[in-house]
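Colleague: Take a look at coords-v4.pdb, PDB, C-alpha atoms, pLDDT in the B column:
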ATOM      1  CA  MET A   1       0.000   0.000   0.000  1.00 39.00           C
ATOM      2  CA  THR A   2       1.366   3.419  -0.853  1.00 44.00           C
ATOM      3  CA  ARG A   3       0.493   6.612   0.898  1.00 49.00           C
ATOM      4  CA  GLU A   4       0.397   9.850  -1.017  1.00 53.00           C
ATOM      5  CA  HIS A   5       1.888  12.899   0.640  1.00 50.00           C
ATOM      6  CA  PRO A   6       1.258  16.590  -0.031  1.00 50.00           C
ATOM      7  CA  ALA A   7       3.500  18.347  -2.528  1.00 53.00           C
ATOM      8  CA  PRO A   8       6.884  19.409  -1.079  1.00 56.00           C
ATOM      9  CA  HIS A   9       5.740  22.966  -0.502  1.00 61.00           C
ATOM     10  CA  THR A  10       2.413  22.041   1.086  1.00 79.00           C
ATOM     11  CA  TRP A  11       2.763  22.435   4.835  1.00 83.00           C
ATOM     12  CA  ARG A  12       0.425  20.760   7.306  1.00 85.00           C
ATOM     13  CA  LYS A  13      -0.293  21.992  10.813  1.00 82.00           C
ATOM     14  CA  PRO A  14      -1.637  19.672  13.530  1.00 79.00           C
ATOM     15  CA  SER A  15      -5.426  19.419  13.420  1.00 75.00           C
ATOM     16  CA  ARG A  16      -5.657  19.858  17.200  1.00 71.00           C
ATOM     17  CA  SER A  17      -3.873  23.211  17.218  1.00 69.00           C
ATOM     18  CA  ALA A  18      -5.886  26.366  17.731  1.00 67.00           C
ATOM     19  CA  ASN A  19      -5.740  29.096  15.104  1.00 66.00           C
ATOM     20  CA  ASN A  20      -3.501  31.255  17.278  1.00 62.00           C
ATOM     21  CA  ALA A  21      -1.437  28.439  18.804  1.00 64.00           C
ATOM     22  CA  HIS A  22       2.263  28.201  18.220  1.00 69.00           C
ATOM     23  CA  CYS A  23       3.211  24.872  16.768  1.00 83.00           C
ATOM     24  CA  VAL A  24       5.170  23.229  14.031  1.00 85.00           C
ATOM     25  CA  GLU A  25       4.247  22.514  10.449  1.00 88.00           C
ATOM     26  CA  VAL A  26       5.289  19.374   8.615  1.00 90.00           C
ATOM     27  CA  GLY A  27       5.923  18.965   4.905  1.00 89.00           C
ATOM     28  CA  PHE A  28       6.281  15.657   3.103  1.00 86.00           C
ATOM     29  CA  ALA A  29       8.705  15.578   0.172  1.00 81.00           C
ATOM     30  CA  ASP A  30       9.868  12.180  -0.976  1.00 79.00           C
ATOM     31  CA  PRO A  31      12.228  10.976   0.449  1.00 85.00           C
ATOM     32  CA  THR A  32      12.348  13.454   3.346  1.00 89.00           C
ATOM     33  CA  ILE A  33      10.142  15.019   5.989  1.00 91.00           C
ATOM     34  CA  THR A  34      10.593  18.738   6.649  1.00 91.00           C
ATOM     35  CA  ILE A  35       9.588  20.530   9.846  1.00 91.00           C
ATOM     36  CA  ARG A  36       9.371  24.263  10.557  1.00 89.00           C
ATOM     37  CA  ASP A  37       8.228  26.610  13.321  1.00 87.00           C
ATOM     38  CA  THR A  38       4.968  28.425  12.597  1.00 84.00           C
ATOM     39  CA  LYS A  39       6.242  31.490  14.478  1.00 83.00           C
ATOM     40  CA  ASP A  40       9.398  31.707  12.361  1.00 85.00           C
ATOM     41  CA  ARG A  41       8.682  30.183   8.963  1.00 82.00           C
ATOM     42  CA  ALA A  42      11.646  31.959   7.387  1.00 85.00           C
ATOM     43  CA  GLY A  43      13.948  30.618  10.097  1.00 87.00           C
ATOM     44  CA  GLY A  44      14.737  27.419   8.274  1.00 87.00           C
ATOM     45  CA  THR A  45      13.592  23.834   8.350  1.00 88.00           C
ATOM     46  CA  LEU A  46      14.629  20.603   9.959  1.00 91.00           C
ATOM     47  CA  THR A  47      14.874  17.700   7.513  1.00 92.00           C
ATOM     48  CA  VAL A  48      14.589  14.093   8.684  1.00 94.00           C
ATOM     49  CA  THR A  49      14.128  10.675   7.128  1.00 94.00           C
ATOM     50  CA  PRO A  50      10.721   9.008   7.162  1.00 92.00           C
ATOM     51  CA  ALA A  51      12.139   6.389   9.568  1.00 95.00           C
ATOM     52  CA  ALA A  52      13.317   9.074  12.007  1.00 95.00           C
ATOM     53  CA  TRP A  53       9.930  10.834  11.806  1.00 92.00           C
ATOM     54  CA  ALA A  54       8.057   7.573  12.420  1.00 94.00           C
ATOM     55  CA  GLY A  55      10.293   6.826  15.406  1.00 95.00           C
ATOM     56  CA  PHE A  56       9.682  10.298  16.831  1.00 93.00           C
ATOM     57  CA  LEU A  57       5.907   9.952  16.452  1.00 91.00           C
ATOM     58  CA  ASN A  58       5.984   6.503  18.049  1.00 94.00           C
ATOM     59  CA  ARG A  59       7.909   7.831  21.046  1.00 93.00           C
ATOM     60  CA  LEU A  60       5.363  10.664  21.415  1.00 89.00           C
ATOM     61  CA  LYS A  61       2.483   8.203  21.349  1.00 91.00           C
ATOM     62  CA  THR A  62       4.051   5.900  23.923  1.00 93.00           C
ATOM     63  CA  GLY A  63       4.891   8.742  26.301  1.00 90.00           C
ATOM     64  CA  ASP A  64       8.678   8.434  26.078  1.00 89.00           C
ATOM     65  CA  TYR A  65       9.031  12.221  26.115  1.00 86.00           C
ATOM     66  CA  ASP A  66       6.621  12.822  29.014  1.00 87.00           C
ATOM     67  CA  GLN A  67       8.218  14.516  31.969  1.00 84.00           C
ATOM     68  CA  SER A  68       7.379  13.190  35.418  1.00 71.00           C
TER      69      SER A  68
END
Let's see the structure in the file written out as structure tokens.
Modeller:
Amino acid sequence: MTREHPAPHTWRKPSRSANNAHCVEVGFADPTITIRDTKDRAGGTLTVTPAAWAGFLNRLKTGDYDQS
């Protein structure tokens, strides 16, 4: 099964973020994932592999980054 991603310059913001919330935007451009700060879009992007992105999301979901 293949999953289509938005064009490289199509940025997606989390659906749970409020209109005025500060968050990150993610862009999918085969073969990389790009991440930028919504408060500083001109400030550059972080580029990661799909495997690194999937690992990051998995750790978020399992609570590995939660602070006690």
Colleague: In Å to one decimal, how far is CA of Thr10 in chain A from CA of Ala42 in chain A?
Modeller: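 These atoms are spaced 14.9 Å apart.
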Colleague: Applied to this file, what does the PyMOL selection byres ((chain A and resi 50-67) around 9) return in terms of residues, put as an MDAnalysis selection string?
Modeller: chainID A and resid 28 30:33 48:49 68
Colleague: Assuming 5 Å of padding per side, give the centre and edge lengths of the axis-aligned box around every listed atom of range 57-67 of chain A, in Å to one decimal and as lines of an AutoDock Vina configuration file.
Modeller:
center_x = 5.8
center_y = 10.2
center_z = 24.2
size_x = 16.5
size_y = 18.6
size_z = 25.5
Colleague: What lies within 8 Å of Trp11 in chain A using all atoms listed in the file, ignoring chain neighbours under 4 positions off, as number ranges by chain?
Modeller: A: 6, 25-28
Colleague: I'd like the residues picked by the PyMOL selection byres ((chain A and resi 14) around 10) written out as a ChimeraX atom specification, using the chain letters and numbers from the file.
Modeller: /A:12-13,15-18,23-26
Colleague: Selection in question (the file shown): the PyMOL selection byres ((chain A and resi 37) around 8). Which residues does it include, as a list in words?
Modeller: His22, Cys23, Val24, Glu25, Ile35, Arg36, Thr38, Lys39, Asp40, Arg41, Gly43 and Thr45 of chain A
Colleague: Would you fill out range 36-67 of chain A with N, CA and C atoms and return it as a PDB file, keeping the file's coordinate frame?
Modeller:
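Wrote rebuild-v6.pdb, looks like this:
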ATOM      1  N   ARG A  36       9.036  22.865  10.305  1.00 89.00           N
ATOM      2  CA  ARG A  36       9.371  24.263  10.557  1.00 89.00           C
ATOM      3  C   ARG A  36       8.489  24.819  11.664  1.00 89.00           C
ATOM      4  N   ASP A  37       8.929  25.909  12.241  1.00 87.00           N
ATOM      5  CA  ASP A  37       8.228  26.610  13.321  1.00 87.00           C
ATOM      6  C   ASP A  37       7.222  27.581  12.713  1.00 87.00           C
ATOM      7  N   THR A  38       5.974  27.521  13.153  1.00 84.00           N
ATOM      8  CA  THR A  38       4.968  28.425  12.597  1.00 84.00           C
ATOM      9  C   THR A  38       5.227  29.881  12.966  1.00 84.00           C
ATOM     10  N   LYS A  39       5.941  30.108  14.064  1.00 83.00           N
ATOM     11  CA  LYS A  39       6.242  31.490  14.478  1.00 83.00           C
ATOM     12  C   LYS A  39       7.389  32.088  13.688  1.00 83.00           C
ATOM     13  N   ASP A  40       8.211  31.239  13.069  1.00 85.00           N
ATOM     14  CA  ASP A  40       9.398  31.707  12.361  1.00 85.00           C
ATOM     15  C   ASP A  40       9.588  30.884  11.091  1.00 85.00           C
ATOM     16  N   ARG A  41       8.653  30.996  10.182  1.00 82.00           N
ATOM     17  CA  ARG A  41       8.682  30.183   8.963  1.00 82.00           C
ATOM     18  C   ARG A  41       9.914  30.430   8.114  1.00 82.00           C
ATOM     19  N   ALA A  42      10.449  31.638   8.169  1.00 85.00           N
ATOM     20  CA  ALA A  42      11.646  31.959   7.387  1.00 85.00           C
ATOM     21  C   ALA A  42      12.917  31.502   8.095  1.00 85.00           C
ATOM     22  N   GLY A  43      12.793  30.986   9.294  1.00 87.00           N
ATOM     23  CA  GLY A  43      13.948  30.618  10.097  1.00 87.00           C
ATOM     24  C   GLY A  43      14.607  29.315   9.713  1.00 87.00           C
ATOM     25  N   GLY A  44      14.124  28.661   8.711  1.00 87.00           N
ATOM     26  CA  GLY A  44      14.737  27.419   8.274  1.00 87.00           C
ATOM     27  C   GLY A  44      13.876  26.218   8.602  1.00 87.00           C
ATOM     28  N   THR A  45      14.324  25.075   8.134  1.00 88.00           N
ATOM     29  CA  THR A  45      13.592  23.834   8.350  1.00 88.00           C
ATOM     30  C   THR A  45      14.530  22.753   8.867  1.00 88.00           C
ATOM     31  N   LEU A  46      13.934  21.803   9.527  1.00 91.00           N
ATOM     32  CA  LEU A  46      14.629  20.603   9.959  1.00 91.00           C
ATOM     33  C   LEU A  46      14.213  19.507   8.990  1.00 91.00           C
ATOM     34  N   THR A  47      15.162  18.778   8.462  1.00 92.00           N
ATOM     35  CA  THR A  47      14.874  17.700   7.513  1.00 92.00           C
ATOM     36  C   THR A  47      15.262  16.375   8.140  1.00 92.00           C
ATOM     37  N   VAL A  48      14.335  15.417   8.105  1.00 94.00           N
ATOM     38  CA  VAL A  48      14.589  14.093   8.684  1.00 94.00           C
ATOM     39  C   VAL A  48      14.117  13.014   7.710  1.00 94.00           C
ATOM     40  N   THR A  49      14.568  11.805   7.945  1.00 94.00           N
ATOM     41  CA  THR A  49      14.128  10.675   7.128  1.00 94.00           C
ATOM     42  C   THR A  49      12.742  10.226   7.588  1.00 94.00           C
ATOM     43  N   PRO A  50      12.005   9.552   6.729  1.00 92.00           N
ATOM     44  CA  PRO A  50      10.721   9.008   7.162  1.00 92.00           C
ATOM     45  C   PRO A  50      10.856   8.069   8.363  1.00 92.00           C
ATOM     46  N   ALA A  51      11.935   7.301   8.432  1.00 95.00           N
ATOM     47  CA  ALA A  51      12.139   6.389   9.568  1.00 95.00           C
ATOM     48  C   ALA A  51      12.341   7.167  10.865  1.00 95.00           C
ATOM     49  N   ALA A  52      13.110   8.252  10.807  1.00 95.00           N
ATOM     50  CA  ALA A  52      13.317   9.074  12.007  1.00 95.00           C
ATOM     51  C   ALA A  52      12.012   9.722  12.442  1.00 95.00           C
ATOM     52  N   TRP A  53      11.217  10.207  11.499  1.00 92.00           N
ATOM     53  CA  TRP A  53       9.930  10.834  11.806  1.00 92.00           C
ATOM     54  C   TRP A  53       8.985   9.819  12.444  1.00 92.00           C
ATOM     55  N   ALA A  54       8.925   8.619  11.871  1.00 94.00           N
ATOM     56  CA  ALA A  54       8.057   7.573  12.420  1.00 94.00           C
ATOM     57  C   ALA A  54       8.492   7.202  13.833  1.00 94.00           C
ATOM     58  N   GLY A  55       9.796   7.128  14.062  1.00 95.00           N
ATOM     59  CA  GLY A  55      10.293   6.826  15.406  1.00 95.00           C
ATOM     60  C   GLY A  55       9.930   7.914  16.400  1.00 95.00           C
ATOM     61  N   PHE A  56      10.046   9.166  15.977  1.00 93.00           N
ATOM     62  CA  PHE A  56       9.682  10.298  16.831  1.00 93.00           C
ATOM     63  C   PHE A  56       8.197  10.243  17.192  1.00 93.00           C
ATOM     64  N   LEU A  57       7.349  10.023  16.190  1.00 91.00           N
ATOM     65  CA  LEU A  57       5.907   9.952  16.452  1.00 91.00           C
ATOM     66  C   LEU A  57       5.571   8.788  17.379  1.00 91.00           C
ATOM     67  N   ASN A  58       6.222   7.656  17.186  1.00 94.00           N
ATOM     68  CA  ASN A  58       5.984   6.503  18.049  1.00 94.00           C
ATOM     69  C   ASN A  58       6.353   6.816  19.492  1.00 94.00           C
ATOM     70  N   ARG A  59       7.490   7.485  19.686  1.00 93.00           N
ATOM     71  CA  ARG A  59       7.909   7.831  21.046  1.00 93.00           C
ATOM     72  C   ARG A  59       6.943   8.837  21.674  1.00 93.00           C
ATOM     73  N   LEU A  60       6.379   9.743  20.889  1.00 89.00           N
ATOM     74  CA  LEU A  60       5.363  10.664  21.415  1.00 89.00           C
ATOM     75  C   LEU A  60       4.136   9.890  21.881  1.00 89.00           C
ATOM     76  N   LYS A  61       3.682   8.963  21.035  1.00 91.00           N
ATOM     77  CA  LYS A  61       2.483   8.203  21.349  1.00 91.00           C
ATOM     78  C   LYS A  61       2.644   7.321  22.570  1.00 91.00           C
ATOM     79  N   THR A  62       3.839   6.796  22.792  1.00 93.00           N
ATOM     80  CA  THR A  62       4.051   5.900  23.923  1.00 93.00           C
ATOM     81  C   THR A  62       4.444   6.627  25.194  1.00 93.00           C
ATOM     82  N   GLY A  63       4.608   7.960  25.115  1.00 90.00           N
ATOM     83  CA  GLY A  63       4.891   8.742  26.301  1.00 90.00           C
ATOM     84  C   GLY A  63       6.361   8.821  26.670  1.00 90.00           C
ATOM     85  N   ASP A  64       7.244   8.409  25.774  1.00 89.00           N
ATOM     86  CA  ASP A  64       8.678   8.434  26.078  1.00 89.00           C
ATOM     87  C   ASP A  64       9.207   9.823  26.381  1.00 89.00           C
ATOM     88  N   TYR A  65       8.552  10.849  25.885  1.00 86.00           N
ATOM     89  CA  TYR A  65       9.031  12.221  26.115  1.00 86.00           C
ATOM     90  C   TYR A  65       8.318  12.906  27.278  1.00 86.00           C
ATOM     91  N   ASP A  66       7.344  12.220  27.889  1.00 87.00           N
ATOM     92  CA  ASP A  66       6.621  12.822  29.014  1.00 87.00           C
ATOM     93  C   ASP A  66       7.570  13.066  30.184  1.00 87.00           C
ATOM     94  N   GLN A  67       7.401  14.206  30.806  1.00 84.00           N
ATOM     95  CA  GLN A  67       8.218  14.516  31.969  1.00 84.00           C
ATOM     96  C   GLN A  67       7.424  14.222  33.233  1.00 84.00           C
TER      97      GLN A  67
END
